[in-house]
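Heads up: the structure comes next, in C-alpha cells.
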Amino acid sequence: VQPALLAGRHVIVTSGPTHEPIDPVRYIANRSSGAQGTAIAAALRDLGARVSFVTGPAQVPPPAGVEVIRVETALQMQEAVAAALPADAAVMAAAVADWRVAAAAERKMKKDGSGRPPELEMVENPDILAWLSHHAARPALVVGFAAETHDVIAHASAKRARKGCDWIVANDVSPATGIMGGTENAVTLIHADGAEEWPRLPKAEVAQRLALRIAEALA
Ligand code: C5P
C-alpha cells in the first residue's frame with residue numbers, strides 16, 4: 001500500500017488518440033494506444049488523487065477507480081478538460097490530432113464516377129495543452145508530452161517554452177527504440193531547471209515515478 005500523498009488532490013489526465021470524422025463512417029486517427037496515459041492515471045489514483053481521465057478511443061481499457069470521460073474528437077477533449085476544471089495538476093498524455101476536416105460530411109461520401117478523389121479541407125485543432133497552460137483556471141502544475149525522433153531535449157525544451165507548461169515528458173519514438181506501441185518507455189523530464197534523463201523502464205514504472213514527482217511538486 002502506497003502513502004496517499006495526493007489525497008484531496010484533483011488531477012486531470014488526457015490520454016489516447018482522437019478521432020476526427022470525415023463523414024459518418026470514416027475518420028482520421030493515429031497509432032496512440034493510450035497505454036502511457038492509462039498507467040499515469042492509475043499511478044495518480046494509487047497515490048490517492050481524484051483523477052478525471054479524459055480519453056479518446058484507446059486500445060487499452062481505462063483504469064478502475066477514476067472518473068472516465070470518453071471523447072472522440074479534439075474539440076470534445078478540450079470541452080471535457082474545461083468541464084473538469086478546477087484541478088491541482090493536469091497531465092496531457094493524449095495524442096491529439098493536429099488537424100480536423102473543416103466540415104465533415106453529414107452523409108457517407110460516395111464515389112461520383114469521375115475518377116477524381118474528394119479533396120478534404122483541413123483546419124487546425126486547438127492545442128489543448130497550450131490553451132490550458134494559459135487558462136484563467138490553470139492548474140498549478142501542467143505537464144505535457146513530447147514524442148520526438150531526434151534532438152529530443154532541444155525540441156522538447158522549445159516545446160515547453162512555446163506551450164507554457166511546467167514540465168515536458170520527452171521521449172524518443174524513433175522506430176529503432178520500439179517504444180511506440182511497446183511496453184517500455186525511456187523519458188527525459190524537462191523542467192525550468194534543466195533535463196533529467198530517466199532509465200528505460202516499463203510504462204507503469206515511468207507512471208509511478210511521474211506521479212511521485214507530481215506529489216512532491218504539489219506538496
Ligand atoms: O506539439 P505536440 O503535438 O508535439 O505536443 C504534444 C503535447 O501537446 C502533448 O502533451 C499533447 O497531449 C499536447 N497537445 C494538445 N493538443 C493538441 C496537440 C498536442 O494538448 N492539439
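For the C-alpha cells, the naming scheme is as follows: chains receive sequential letters (A, B, ...) according to their order of presentation, residues are indexed from 1 within each chain, and ligands are indexed from 1 in presentation order.
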(message) Please return as a PyMOL selection string the residues found within 7 Å of ligand 1, counting only C-alpha atoms and all ligand atoms.
(response) chain A and resi 14+74+92-98+125-130+143-147+159
Output C-alpha atoms for every residue in the selection just made, as an mmCIF file, in the first residue's frame.
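Listed below is the output, selection_10.cif:
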data_model
loop_
_atom_site.group_PDB
_atom_site.id
_atom_site.type_symbol
_atom_site.label_atom_id
_atom_site.label_comp_id
_atom_site.auth_asym_id
_atom_site.auth_seq_id
_atom_site.Cartn_x
_atom_site.Cartn_y
_atom_site.Cartn_z
ATOM 1 C CA THR A 14 -5.786 13.218 -21.122
ATOM 2 C CA ALA A 74 -10.010 17.136 -30.116
ATOM 3 C CA MET A 92 -1.718 15.865 -21.092
ATOM 4 C CA ALA A 93 -0.698 12.490 -22.467
ATOM 5 C CA ALA A 94 -3.208 12.358 -25.330
ATOM 6 C CA ALA A 95 -2.065 12.210 -28.937
ATOM 7 C CA VAL A 96 -4.412 14.941 -30.108
ATOM 8 C CA ALA A 97 -4.918 15.218 -33.858
ATOM 9 C CA ASP A 98 -3.335 18.440 -35.089
ATOM 10 C CA ASN A 125 -7.382 21.826 -33.911
ATOM 11 C CA PRO A 126 -6.910 23.793 -30.684
ATOM 12 C CA ASP A 127 -3.715 22.970 -28.818
ATOM 13 C CA ILE A 128 -5.293 21.828 -25.565
ATOM 14 C CA LEU A 129 -2.007 21.860 -23.635
ATOM 15 C CA ALA A 130 -1.175 25.438 -24.667
ATOM 16 C CA VAL A 143 2.622 18.545 -17.679
ATOM 17 C CA GLY A 144 2.886 17.913 -21.422
ATOM 18 C CA PHE A 145 4.444 15.182 -23.509
ATOM 19 C CA ALA A 146 6.752 15.383 -26.475
ATOM 20 C CA ALA A 147 7.310 12.447 -28.780
ATOM 21 C CA LYS A 159 8.026 22.959 -26.842
#
Surrounding residues of Glu148 (chain A) excluding itself and chain neighbours under 4 positions, 9 Å, only C-alpha atoms, as an mmCIF file with C-alpha atoms, in the first residue's frame:
data_model
loop_
_atom_site.group_PDB
_atom_site.id
_atom_site.type_symbol
_atom_site.label_atom_id
_atom_site.label_comp_id
_atom_site.auth_asym_id
_atom_site.auth_seq_id
_atom_site.Cartn_x
_atom_site.Cartn_y
_atom_site.Cartn_z
ATOM 1 C CA VAL A 152 14.861 15.226 -28.193
ATOM 2 C CA ILE A 153 15.988 17.654 -25.482
ATOM 3 C CA HIS A 155 12.907 20.142 -29.336
ATOM 4 C CA ALA A 156 11.180 19.314 -26.059
ATOM 5 C CA ALA A 170 10.015 13.854 -23.636
ATOM 6 C CA ASN A 171 10.571 10.531 -25.309
ATOM 7 C CA ASP A 172 12.455 9.256 -28.290
ATOM 8 C CA VAL A 173 9.982 7.450 -30.501
ATOM 9 C CA SER A 174 12.297 6.739 -33.406
#
(message) Could you list, as a list in words, every residue within 8 Å of region 183-189 of chain A, counting only C-alpha atoms and ignoring same-chain residues fewer than 2 positions away?
(response) Ile153, Trp167, Ile168, Val169, Ala170, Asn171, Asp172, Ile179, Gly181, His191, Ala195, Glu196, Glu197, Trp198, Pro199, Arg200, Leu201, Pro202, Lys203 and Val206 of chain A
(message) From the options A:Pro3, A:Pro139, A:Pro24, A:Pro118, which residue's atoms come nearest to Gly48 (chain A), counting only C-alpha atoms?
(response) A:Pro3
(request) Compile the contact shell of Gly65 (chain A) as number ranges by chain: residues with an atom at most 9 Å away, counting only C-alpha atoms, same-chain residues fewer than 5 positions apart removed. (result) A: 42, 45, 50-51
(message) Can you measure CA of His10 (chain A) to CA of Leu75 (chain A) for me? One decimal in Å is fine.
(response)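 Going from CA of His10 (chain A) over to CA of Leu75 (chain A), I get 22.3 Å.
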(message) Considering only strand (DSSP E) as DSSP defines it on the backbone, what residues of region 16-178 of chain A qualify? List them as a PyMOL selection string.
(response) chain A and resi 20-23+26-28+50-55+67-70+89-92+99-101+122-124+141-148+167-172
(request) Name the closest residue to Tyr27 (chain A) among the candidates A:Thr177, A:Gln78, A:Thr73, A:Ser133; distances are taken between atoms, counting only C-alpha atoms. (result)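 Checking each candidate against Tyr27 (chain A), we get A:Thr73 as the closest.
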(request) Between CA of Ile69 (chain A) and CA of Pro86 (chain A), measure the distance and give it in Å to one decimal. (result)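 Separating CA of Ile69 (chain A) from CA of Pro86 (chain A) is a distance of 15.5 Å.
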